[in-house]
file structure.txt (compact mmCIF, N, CA and C atoms)
# COMPACT_ATOMS: atom_id res chain seq x y z
N MET A 1 121.61 124.07 69.69
CA MET A 1 122.09 124.98 70.70
C MET A 1 121.20 124.80 71.93
N ASN A 2 121.84 124.62 73.07
CA ASN A 2 121.03 124.40 74.26
C ASN A 2 120.42 125.71 74.77
N ARG A 3 119.48 125.59 75.65
CA ARG A 3 118.70 126.72 76.13
C ARG A 3 119.55 127.73 76.90
N PHE A 4 120.50 127.26 77.71
CA PHE A 4 121.35 128.17 78.48
C PHE A 4 122.19 129.04 77.56
N LEU A 5 122.78 128.43 76.54
CA LEU A 5 123.61 129.18 75.60
C LEU A 5 122.77 130.19 74.83
N SER A 6 121.57 129.80 74.46
CA SER A 6 120.67 130.71 73.75
C SER A 6 120.31 131.90 74.64
N LEU A 7 120.03 131.66 75.90
CA LEU A 7 119.73 132.75 76.83
C LEU A 7 120.94 133.67 77.03
N ALA A 8 122.13 133.08 77.17
CA ALA A 8 123.34 133.88 77.35
C ALA A 8 123.59 134.77 76.14
N ILE A 9 123.45 134.20 74.94
CA ILE A 9 123.63 134.99 73.73
C ILE A 9 122.57 136.09 73.65
N GLY A 10 121.34 135.78 74.02
CA GLY A 10 120.27 136.76 74.01
C GLY A 10 120.55 137.93 74.93
N ILE A 11 121.01 137.63 76.16
CA ILE A 11 121.31 138.69 77.12
C ILE A 11 122.47 139.55 76.65
N VAL A 12 123.52 138.92 76.14
CA VAL A 12 124.68 139.67 75.65
C VAL A 12 124.28 140.56 74.47
N CYS A 13 123.48 140.03 73.57
CA CYS A 13 123.04 140.82 72.41
C CYS A 13 122.14 141.98 72.81
N LEU A 14 121.26 141.78 73.79
CA LEU A 14 120.43 142.88 74.27
C LEU A 14 121.26 143.97 74.95
N CYS A 15 122.27 143.57 75.71
CA CYS A 15 123.17 144.55 76.33
C CYS A 15 123.95 145.31 75.25
N GLY A 16 124.41 144.58 74.23
CA GLY A 16 125.11 145.22 73.12
C GLY A 16 124.22 146.18 72.38
N SER A 17 122.97 145.81 72.18
CA SER A 17 122.01 146.68 71.50
C SER A 17 121.77 147.95 72.31
N ALA A 18 121.63 147.81 73.62
CA ALA A 18 121.41 148.98 74.47
C ALA A 18 122.61 149.92 74.44
N TYR A 19 123.82 149.34 74.49
CA TYR A 19 125.03 150.16 74.44
C TYR A 19 125.15 150.89 73.10
N MET A 20 124.91 150.16 72.01
CA MET A 20 125.00 150.78 70.68
C MET A 20 123.95 151.87 70.50
N ALA A 21 122.76 151.63 71.01
CA ALA A 21 121.70 152.64 70.91
C ALA A 21 122.07 153.88 71.73
N LYS A 22 122.63 153.68 72.92
CA LYS A 22 123.06 154.80 73.76
C LYS A 22 124.12 155.63 73.05
N ARG A 23 125.11 154.96 72.44
CA ARG A 23 126.17 155.68 71.72
C ARG A 23 125.62 156.42 70.50
N THR A 24 124.68 155.78 69.80
CA THR A 24 124.07 156.42 68.63
C THR A 24 123.32 157.68 69.04
N ILE A 25 122.55 157.59 70.12
CA ILE A 25 121.81 158.77 70.60
C ILE A 25 122.78 159.86 71.04
N GLU A 26 123.87 159.46 71.70
CA GLU A 26 124.88 160.42 72.14
C GLU A 26 125.51 161.14 70.94
N PHE A 27 125.87 160.38 69.90
CA PHE A 27 126.47 160.98 68.71
C PHE A 27 125.46 161.85 67.96
N ARG A 28 124.20 161.40 67.88
CA ARG A 28 123.18 162.17 67.17
C ARG A 28 122.81 163.45 67.92
N ARG A 29 122.77 163.39 69.24
CA ARG A 29 122.34 164.54 70.04
C ARG A 29 123.45 165.56 70.23
N HIS A 30 124.66 165.09 70.52
CA HIS A 30 125.75 166.00 70.89
C HIS A 30 126.86 166.09 69.85
N GLY A 31 126.83 165.23 68.85
CA GLY A 31 127.92 165.19 67.87
C GLY A 31 127.92 166.38 66.93
N GLU A 32 129.10 166.70 66.44
CA GLU A 32 129.26 167.75 65.45
C GLU A 32 129.52 167.10 64.09
N VAL A 33 128.90 167.64 63.07
CA VAL A 33 129.04 167.09 61.72
C VAL A 33 130.01 167.95 60.94
N VAL A 34 130.99 167.31 60.32
CA VAL A 34 131.94 168.00 59.46
C VAL A 34 132.05 167.22 58.15
N SER A 35 132.50 167.91 57.15
CA SER A 35 132.72 167.27 55.86
C SER A 35 134.20 166.93 55.75
N GLY A 36 134.46 165.68 55.45
CA GLY A 36 135.83 165.23 55.26
C GLY A 36 136.08 164.91 53.80
N GLU A 37 137.30 164.56 53.50
CA GLU A 37 137.67 164.21 52.14
C GLU A 37 138.34 162.85 52.13
N VAL A 38 137.89 161.98 51.22
CA VAL A 38 138.49 160.66 51.08
C VAL A 38 139.90 160.85 50.53
N ILE A 39 140.90 160.32 51.25
CA ILE A 39 142.28 160.46 50.78
C ILE A 39 142.86 159.13 50.30
N ALA A 40 142.25 158.02 50.68
CA ALA A 40 142.72 156.72 50.22
C ALA A 40 141.58 155.72 50.31
N VAL A 41 141.63 154.73 49.42
CA VAL A 41 140.62 153.68 49.41
C VAL A 41 141.35 152.34 49.38
N ASP A 42 141.04 151.48 50.35
CA ASP A 42 141.58 150.13 50.38
C ASP A 42 140.51 149.19 49.86
N ARG A 43 140.86 148.34 48.92
CA ARG A 43 139.91 147.38 48.37
C ARG A 43 140.48 145.98 48.52
N GLN A 44 139.57 145.03 48.70
CA GLN A 44 140.00 143.64 48.75
C GLN A 44 138.94 142.77 48.08
N LEU A 45 139.41 141.81 47.35
CA LEU A 45 138.55 140.85 46.68
C LEU A 45 138.77 139.51 47.37
N THR A 46 137.70 138.95 47.90
CA THR A 46 137.79 137.68 48.60
C THR A 46 136.92 136.65 47.88
N HIS A 47 137.27 135.40 48.10
CA HIS A 47 136.51 134.30 47.51
C HIS A 47 136.11 133.35 48.62
N GLY A 48 134.85 133.04 48.67
CA GLY A 48 134.35 132.12 49.69
C GLY A 48 133.36 131.15 49.07
N GLU A 49 132.61 130.47 49.91
CA GLU A 49 131.62 129.51 49.43
C GLU A 49 130.51 130.19 48.62
N ASP A 50 130.23 131.45 48.95
CA ASP A 50 129.16 132.18 48.27
C ASP A 50 129.63 132.85 46.98
N GLY A 51 130.89 132.79 46.68
CA GLY A 51 131.42 133.43 45.48
C GLY A 51 132.38 134.54 45.85
N PHE A 52 132.51 135.51 44.97
CA PHE A 52 133.42 136.61 45.16
C PHE A 52 132.75 137.76 45.90
N ASP A 53 133.56 138.49 46.68
CA ASP A 53 133.07 139.66 47.38
C ASP A 53 134.12 140.76 47.27
N LEU A 54 133.71 141.91 46.80
CA LEU A 54 134.57 143.06 46.71
C LEU A 54 134.22 144.02 47.84
N SER A 55 135.19 144.30 48.70
CA SER A 55 134.97 145.17 49.85
C SER A 55 135.93 146.35 49.78
N GLU A 56 135.53 147.43 50.41
CA GLU A 56 136.41 148.59 50.48
C GLU A 56 136.21 149.32 51.79
N ARG A 57 137.24 150.02 52.19
CA ARG A 57 137.16 150.95 53.31
C ARG A 57 137.94 152.18 52.90
N THR A 58 137.49 153.30 53.39
CA THR A 58 138.12 154.55 53.00
C THR A 58 138.85 155.18 54.17
N GLN A 59 139.87 155.94 53.83
CA GLN A 59 140.57 156.74 54.82
C GLN A 59 140.15 158.18 54.54
N VAL A 60 139.61 158.83 55.57
CA VAL A 60 139.03 160.16 55.42
C VAL A 60 139.79 161.15 56.29
N ARG A 61 140.12 162.30 55.71
CA ARG A 61 140.78 163.37 56.45
C ARG A 61 139.73 164.45 56.74
N TYR A 62 139.70 164.93 57.98
CA TYR A 62 138.75 165.97 58.37
C TYR A 62 139.40 166.90 59.38
N THR A 63 138.86 168.09 59.48
CA THR A 63 139.34 169.08 60.44
C THR A 63 138.21 169.37 61.41
N PRO A 64 138.44 169.21 62.72
CA PRO A 64 137.39 169.51 63.70
C PRO A 64 136.99 170.98 63.63
N ARG A 65 135.77 171.26 64.02
CA ARG A 65 135.27 172.64 64.02
C ARG A 65 136.06 173.54 64.96
N SER A 66 136.57 172.96 66.03
CA SER A 66 137.33 173.76 67.00
C SER A 66 138.71 174.14 66.48
N GLY A 67 139.07 173.63 65.31
CA GLY A 67 140.38 173.93 64.73
C GLY A 67 141.38 172.85 65.08
N GLY A 68 142.62 173.17 64.86
CA GLY A 68 143.67 172.20 65.13
C GLY A 68 144.09 171.50 63.87
N PRO A 69 145.00 170.55 64.02
CA PRO A 69 145.50 169.85 62.84
C PRO A 69 144.43 168.90 62.27
N PRO A 70 144.52 168.62 60.98
CA PRO A 70 143.58 167.67 60.38
C PRO A 70 143.76 166.27 60.99
N LEU A 71 142.66 165.57 61.13
CA LEU A 71 142.68 164.21 61.67
C LEU A 71 142.27 163.24 60.58
N GLU A 72 142.60 161.97 60.77
CA GLU A 72 142.24 160.94 59.79
C GLU A 72 141.53 159.80 60.49
N MET A 73 140.62 159.17 59.77
CA MET A 73 139.92 157.99 60.28
C MET A 73 139.73 156.99 59.16
N HIS A 74 139.62 155.73 59.52
CA HIS A 74 139.30 154.66 58.58
C HIS A 74 137.84 154.28 58.80
N THR A 75 137.09 154.15 57.73
CA THR A 75 135.72 153.68 57.84
C THR A 75 135.74 152.16 57.98
N GLN A 76 134.59 151.58 58.26
CA GLN A 76 134.46 150.13 58.35
C GLN A 76 134.47 149.52 56.95
N TRP A 77 134.83 148.25 56.86
CA TRP A 77 134.78 147.56 55.58
C TRP A 77 133.33 147.44 55.15
N GLY A 78 133.06 147.72 53.90
CA GLY A 78 131.71 147.60 53.35
C GLY A 78 131.79 147.11 51.92
N THR A 79 130.67 146.65 51.42
CA THR A 79 130.66 146.11 50.07
C THR A 79 130.89 147.21 49.04
N ALA A 80 131.73 146.93 48.09
CA ALA A 80 132.02 147.90 47.03
C ALA A 80 131.14 147.67 45.82
N TRP A 81 130.31 146.64 45.86
CA TRP A 81 129.41 146.39 44.73
C TRP A 81 128.32 147.46 44.69
N ILE A 82 127.96 148.02 45.85
CA ILE A 82 126.89 149.01 45.92
C ILE A 82 127.48 150.42 46.01
N PHE A 83 128.37 150.64 46.95
CA PHE A 83 128.96 151.97 47.17
C PHE A 83 130.39 151.95 46.66
N HIS A 84 130.77 153.00 45.98
CA HIS A 84 132.11 153.08 45.42
C HIS A 84 132.66 154.47 45.68
N SER A 85 133.80 154.55 46.35
CA SER A 85 134.41 155.83 46.66
C SER A 85 135.74 155.95 45.92
N LYS A 86 136.15 157.17 45.73
CA LYS A 86 137.46 157.42 45.14
C LYS A 86 138.10 158.61 45.86
N PRO A 87 139.42 158.70 45.86
CA PRO A 87 140.07 159.83 46.53
C PRO A 87 139.55 161.17 45.99
N GLY A 88 139.31 162.08 46.91
CA GLY A 88 138.78 163.39 46.57
C GLY A 88 137.30 163.52 46.82
N ASP A 89 136.58 162.40 47.00
CA ASP A 89 135.15 162.44 47.28
C ASP A 89 134.89 163.02 48.67
N PRO A 90 133.84 163.83 48.83
CA PRO A 90 133.49 164.32 50.16
C PRO A 90 132.76 163.23 50.96
N GLN A 91 132.95 163.25 52.25
CA GLN A 91 132.26 162.31 53.12
C GLN A 91 131.91 163.01 54.42
N SER A 92 130.68 162.85 54.86
CA SER A 92 130.20 163.49 56.07
C SER A 92 130.54 162.63 57.28
N LEU A 93 131.13 163.27 58.31
CA LEU A 93 131.54 162.58 59.53
C LEU A 93 130.89 163.25 60.73
N ARG A 94 130.80 162.49 61.81
CA ARG A 94 130.24 163.01 63.06
C ARG A 94 131.17 162.60 64.19
N TYR A 95 131.46 163.53 65.08
CA TYR A 95 132.31 163.25 66.25
C TYR A 95 131.77 164.02 67.45
N LEU A 96 132.17 163.57 68.63
CA LEU A 96 131.79 164.26 69.86
C LEU A 96 132.79 165.38 70.13
N PRO A 97 132.31 166.56 70.54
CA PRO A 97 133.22 167.72 70.71
C PRO A 97 134.37 167.47 71.69
N ASP A 98 134.14 166.68 72.74
CA ASP A 98 135.21 166.45 73.71
C ASP A 98 136.20 165.38 73.26
N ASN A 99 135.90 164.67 72.15
CA ASN A 99 136.80 163.63 71.64
C ASN A 99 136.71 163.60 70.12
N SER A 100 137.35 164.58 69.49
CA SER A 100 137.24 164.71 68.04
C SER A 100 137.99 163.62 67.29
N VAL A 101 138.81 162.84 67.98
CA VAL A 101 139.53 161.74 67.32
C VAL A 101 138.59 160.56 67.06
N ASP A 102 137.59 160.37 67.91
CA ASP A 102 136.63 159.27 67.78
C ASP A 102 135.49 159.70 66.86
N ALA A 103 135.69 159.55 65.56
CA ALA A 103 134.69 159.97 64.58
C ALA A 103 134.06 158.74 63.94
N ARG A 104 132.89 158.94 63.35
CA ARG A 104 132.19 157.89 62.63
C ARG A 104 131.48 158.50 61.43
N GLU A 105 131.12 157.65 60.49
CA GLU A 105 130.38 158.12 59.33
C GLU A 105 129.02 158.65 59.79
N ASP A 106 128.58 159.73 59.18
CA ASP A 106 127.28 160.31 59.52
C ASP A 106 126.23 159.66 58.62
N SER A 107 125.63 158.58 59.11
CA SER A 107 124.67 157.83 58.32
C SER A 107 123.59 157.24 59.23
N TRP A 108 122.33 157.55 58.93
CA TRP A 108 121.23 156.98 59.70
C TRP A 108 121.20 155.46 59.56
N LEU A 109 121.48 154.95 58.38
CA LEU A 109 121.45 153.51 58.15
C LEU A 109 122.44 152.79 59.06
N ILE A 110 123.65 153.28 59.11
CA ILE A 110 124.67 152.65 59.96
C ILE A 110 124.31 152.79 61.43
N ASP A 111 123.79 153.97 61.80
CA ASP A 111 123.44 154.19 63.21
C ASP A 111 122.29 153.29 63.67
N LEU A 112 121.36 152.97 62.80
CA LEU A 112 120.21 152.15 63.20
C LEU A 112 120.43 150.66 63.00
N LEU A 113 121.24 150.31 62.02
CA LEU A 113 121.41 148.90 61.67
C LEU A 113 122.02 148.07 62.81
N GLY A 114 123.03 148.60 63.47
CA GLY A 114 123.68 147.85 64.55
C GLY A 114 122.76 147.54 65.72
N PRO A 115 122.16 148.56 66.35
CA PRO A 115 121.29 148.29 67.49
C PRO A 115 120.09 147.41 67.14
N VAL A 116 119.49 147.61 65.97
CA VAL A 116 118.33 146.81 65.59
C VAL A 116 118.73 145.35 65.36
N THR A 117 119.87 145.13 64.72
CA THR A 117 120.34 143.76 64.49
C THR A 117 120.58 143.04 65.81
N PHE A 118 121.28 143.70 66.73
CA PHE A 118 121.54 143.06 68.03
C PHE A 118 120.25 142.88 68.83
N LEU A 119 119.31 143.80 68.69
CA LEU A 119 118.02 143.65 69.36
C LEU A 119 117.29 142.40 68.86
N LEU A 120 117.27 142.20 67.55
CA LEU A 120 116.60 141.01 67.00
C LEU A 120 117.30 139.73 67.42
N LEU A 121 118.63 139.73 67.42
CA LEU A 121 119.37 138.55 67.88
C LEU A 121 119.11 138.29 69.36
N GLY A 122 119.03 139.36 70.16
CA GLY A 122 118.76 139.21 71.58
C GLY A 122 117.39 138.64 71.85
N VAL A 123 116.38 139.12 71.14
CA VAL A 123 115.02 138.58 71.30
C VAL A 123 114.99 137.13 70.85
N GLY A 124 115.68 136.84 69.75
CA GLY A 124 115.75 135.45 69.29
C GLY A 124 116.41 134.54 70.31
N GLY A 125 117.46 135.03 70.95
CA GLY A 125 118.14 134.23 71.97
C GLY A 125 117.28 134.01 73.20
N LEU A 126 116.58 135.05 73.63
CA LEU A 126 115.74 134.91 74.82
C LEU A 126 114.53 134.00 74.59
N THR A 127 114.01 134.00 73.39
CA THR A 127 112.86 133.13 73.09
C THR A 127 113.28 131.72 72.69
N GLY A 128 114.58 131.50 72.57
CA GLY A 128 115.07 130.17 72.19
C GLY A 128 114.94 129.90 70.71
N SER A 129 114.83 130.94 69.90
CA SER A 129 114.67 130.76 68.47
C SER A 129 115.99 130.58 67.74
N LEU A 130 117.10 130.81 68.42
CA LEU A 130 118.39 130.61 67.78
C LEU A 130 118.71 129.12 67.76
N THR A 131 118.97 128.60 66.60
CA THR A 131 119.28 127.18 66.49
C THR A 131 120.57 127.00 65.70
N SER A 132 121.21 125.92 65.92
CA SER A 132 122.44 125.60 65.22
C SER A 132 122.11 124.89 63.91
N SER A 133 122.92 125.14 62.90
CA SER A 133 122.71 124.45 61.63
C SER A 133 123.34 123.06 61.65
N ARG A 134 124.17 122.79 62.64
CA ARG A 134 124.79 121.47 62.77
C ARG A 134 123.86 120.54 63.54
N PRO A 135 123.77 119.30 63.14
CA PRO A 135 122.95 118.37 63.90
C PRO A 135 123.60 118.07 65.26
N GLU A 136 122.77 117.95 66.27
CA GLU A 136 123.29 117.64 67.60
C GLU A 136 123.46 116.14 67.74
N SER A 137 124.55 115.74 68.36
CA SER A 137 124.74 114.31 68.61
C SER A 137 124.18 113.99 69.98
N VAL A 138 123.37 112.98 70.04
CA VAL A 138 122.72 112.58 71.28
C VAL A 138 123.68 111.66 72.04
N LEU A 139 124.04 112.04 73.25
CA LEU A 139 124.93 111.24 74.06
C LEU A 139 124.16 110.24 74.92
N TRP A 140 122.94 110.61 75.28
CA TRP A 140 122.15 109.73 76.13
C TRP A 140 120.69 110.07 75.91
N SER A 141 119.86 109.10 75.89
CA SER A 141 118.44 109.30 75.69
C SER A 141 117.66 108.34 76.57
N SER A 142 116.51 108.77 77.03
CA SER A 142 115.67 107.93 77.87
C SER A 142 114.24 107.98 77.34
N SER A 143 113.55 106.92 77.53
CA SER A 143 112.15 106.87 77.10
C SER A 143 111.35 106.17 78.18
N ASP A 144 110.26 106.80 78.60
CA ASP A 144 109.37 106.18 79.58
C ASP A 144 108.16 105.66 78.84
N ASP A 145 108.19 104.40 78.48
CA ASP A 145 107.05 103.79 77.75
C ASP A 145 106.12 103.07 78.66
call {"tool": "encode", "arguments": {"input": "structure.txt", "output": "structure tokens"}}
result
Amino acid sequence: MNRFLSLAIGIVCLCGSAYMAKRTIEFRRHGEVVSGEVIAVDRQLTHGEDGFDLSERTQVRYTPRSGGPPLEMHTQWGTAWIFHSKPGDPQSLRYLPDNSVDAREDSWLIDLLGPVTFLLLGVGGLTGSLTSSRPESVLWSSSDD
């Protein structure tokens, strides 16, 4: 990977990290926490070079504190080897009071994992530590002997 591409990826990742951190702080500071109920679980089994992977995402129904009709949200796909949900399980959600439709799982791990991952990728890109696993083909080379 050339230096320009590494810098571009680093800058984009740092901007993404800053945006994700800003949203996380906004949800943590101003968000309201409600308990929802899992109403459906989607599972998928995939096969790749690394073997099998079982993933699931849940559909959660919740009612905002301000009242109104119940709303539903889908969580992100996650590994089902570690976490396993079934319909009827409670799940904690967080949403902003002015936009109760935009909800997310209430989890410190999820809130911190995204910004930290993008921060590390951004620092790696800026320092030129990101490398390609594919060998580069040399189109031209010069040597001053």
call {"tool": "atom_distance", "arguments": {"input": "structure.txt", "atom1": "atom N of Val38 of chain A", "atom2": "atom C of Thr75 of chain A"}}
result
12.1 Å
call {"tool": "closest_atom_pairs", "arguments": {"input": "structure.txt", "of": "segment 4-41 of chain A", "to": "segment 100-119 of chain A", "cutoff": "6 Å", "atoms": "only C-alpha atoms", "output": "JSON lines"}}
result
{"residue": "A:Cys13", "atom": "CA", "partner": "A:Phe118", "partner_atom": "CA", "distance": 5.1}
{"residue": "A:Leu14", "atom": "CA", "partner": "A:Leu119", "partner_atom": "CA", "distance": 5.5}
{"residue": "A:Ser17", "atom": "CA", "partner": "A:Pro115", "partner_atom": "CA", "distance": 4.4}
{"residue": "A:Met20", "atom": "CA", "partner": "A:Pro115", "partner_atom": "CA", "distance": 5.5}
{"residue": "A:Ala21", "atom": "CA", "partner": "A:Pro115", "partner_atom": "CA", "distance": 5.5}
{"residue": "A:Thr24", "atom": "CA", "partner": "A:Asp111", "partner_atom": "CA", "distance": 5.9}
call {"tool": "atom_distance", "arguments": {"input": "structure.txt", "atom1": "atom CA of His47 of chain A", "atom2": "atom CA of Gln76 of chain A"}}
result
19.3 Å
call {"tool": "atom_distance", "arguments": {"input": "structure.txt", "atom1": "atom N of Leu126 of chain A", "atom2": "atom C of Lys22 of chain A"}}
result
21.9 Å
call {"tool": "closest_residue", "arguments": {"input": "structure.txt", "among": "A:Arg43, A:Arg3, A:Arg28, A:Arg61", "to": "Arg94 of chain A", "atoms": "only C-alpha atoms"}}
result
A:Arg28
call {"tool": "select_by_dssp", "arguments": {"input": "structure.txt", "residues": "chain A", "states": "alpha helix (DSSP H)", "output": "ChimeraX atom specification"}}
result
/A:3-30,108-127
call {"tool": "select_by_dssp", "arguments": {"input": "structure.txt", "residues": "segment 20-123 of chain A", "states": "strand (DSSP E)", "output": "count of residues only"}}
result
49
call {"tool": "residues_around", "arguments": {"input": "structure.txt", "residues": "Thr127 of chain A", "least_positions_apart": "4", "cutoff": "7 Å", "atoms": "only N, CA and C atoms", "output": "PyMOL selection string"}}
result
chain A and resi 6-7+10+122-123
call {"tool": "closest_residue", "arguments": {"input": "structure.txt", "among": "A:Ala8, A:Val33, A:Met73, A:Leu121", "to": "Leu96 of chain A", "atoms": "all atoms listed in the file"}}
result
A:Val33
call {"tool": "closest_residue", "arguments": {"input": "structure.txt", "among": "A:Ile25, A:Ala40, A:Leu93, A:Leu45", "to": "Tyr62 of chain A", "atoms": "only C-alpha atoms"}}
result
A:Leu93
call {"tool": "closest_residue", "arguments": {"input": "structure.txt", "among": "A:Leu54, A:Ser66, A:Val60, A:Tyr95", "to": "Ala80 of chain A", "atoms": "only C-alpha atoms"}}
result
A:Leu54
call {"tool": "residues_near_point", "arguments": {"input": "structure.txt", "point": "(135.3, 153.0, 55.6)", "cutoff": "7 Å", "atoms": "only N, CA and C atoms", "output": "NGL selection string"}}
result
:A and (56-59 or 73-78)
call {"tool": "closest_residue", "arguments": {"input": "structure.txt", "among": "A:Asp42, A:Gly125, A:Leu71, A:Arg65", "to": "Ser85 of chain A", "atoms": "only C-alpha atoms"}}
result
A:Asp42
call {"tool": "residues_around", "arguments": {"input": "structure.txt", "residues": "Thr63 of chain A", "least_positions_apart": "6", "cutoff": "8 Å", "atoms": "all atoms listed in the file", "output": "list in words"}}
result
Val34, Ser35, Gly36, Glu37, Pro69, Pro70, Leu71 and Glu72 of chain A
call {"tool": "build_atoms", "arguments": {"input": "structure.txt", "residues": "segment 114-128 of chain A", "atoms": "N, CA, C and O atoms", "output": "tab-separated table (two decimals), in the frame of the given file"}}
result
chain	number	residue	atom	x	y	z
A	114	GLY	N	123.03	148.60	63.47
A	114	GLY	CA	123.68	147.85	64.55
A	114	GLY	C	122.76	147.54	65.72
A	114	GLY	O	122.58	146.37	66.09
A	115	PRO	N	122.16	148.56	66.35
A	115	PRO	CA	121.29	148.29	67.49
A	115	PRO	C	120.09	147.41	67.14
A	115	PRO	O	119.71	146.53	67.92
A	116	VAL	N	119.49	147.61	65.97
A	116	VAL	CA	118.33	146.81	65.59
A	116	VAL	C	118.73	145.35	65.36
A	116	VAL	O	118.02	144.42	65.78
A	117	THR	N	119.87	145.13	64.72
A	117	THR	CA	120.34	143.76	64.49
A	117	THR	C	120.58	143.04	65.81
A	117	THR	O	120.15	141.90	66.00
A	118	PHE	N	121.28	143.70	66.73
A	118	PHE	CA	121.54	143.06	68.03
A	118	PHE	C	120.25	142.88	68.83
A	118	PHE	O	120.12	141.92	69.58
A	119	LEU	N	119.31	143.80	68.69
A	119	LEU	CA	118.02	143.65	69.36
A	119	LEU	C	117.29	142.40	68.86
A	119	LEU	O	116.78	141.60	69.66
A	120	LEU	N	117.27	142.20	67.55
A	120	LEU	CA	116.60	141.01	67.00
A	120	LEU	C	117.30	139.73	67.42
A	120	LEU	O	116.64	138.73	67.74
A	121	LEU	N	118.63	139.73	67.42
A	121	LEU	CA	119.37	138.55	67.88
A	121	LEU	C	119.11	138.29	69.36
A	121	LEU	O	118.98	137.14	69.80
A	122	GLY	N	119.03	139.36	70.16
A	122	GLY	CA	118.76	139.21	71.58
A	122	GLY	C	117.39	138.64	71.85
A	122	GLY	O	117.22	137.73	72.68
A	123	VAL	N	116.38	139.12	71.14
A	123	VAL	CA	115.02	138.58	71.30
A	123	VAL	C	114.99	137.13	70.85
A	123	VAL	O	114.37	136.28	71.50
A	124	GLY	N	115.68	136.84	69.75
A	124	GLY	CA	115.75	135.45	69.29
A	124	GLY	C	116.41	134.54	70.31
A	124	GLY	O	115.99	133.41	70.53
A	125	GLY	N	117.46	135.03	70.95
A	125	GLY	CA	118.14	134.23	71.97
A	125	GLY	C	117.28	134.01	73.20
A	125	GLY	O	117.24	132.92	73.76
A	126	LEU	N	116.58	135.05	73.63
A	126	LEU	CA	115.74	134.91	74.82
A	126	LEU	C	114.53	134.00	74.59
A	126	LEU	O	114.08	133.32	75.50
A	127	THR	N	114.01	134.00	73.39
A	127	THR	CA	112.86	133.13	73.09
A	127	THR	C	113.28	131.72	72.69
A	127	THR	O	112.43	130.88	72.48
A	128	GLY	N	114.58	131.50	72.57
A	128	GLY	CA	115.07	130.17	72.19
A	128	GLY	C	114.94	129.90	70.71
A	128	GLY	O	114.97	128.75	70.28
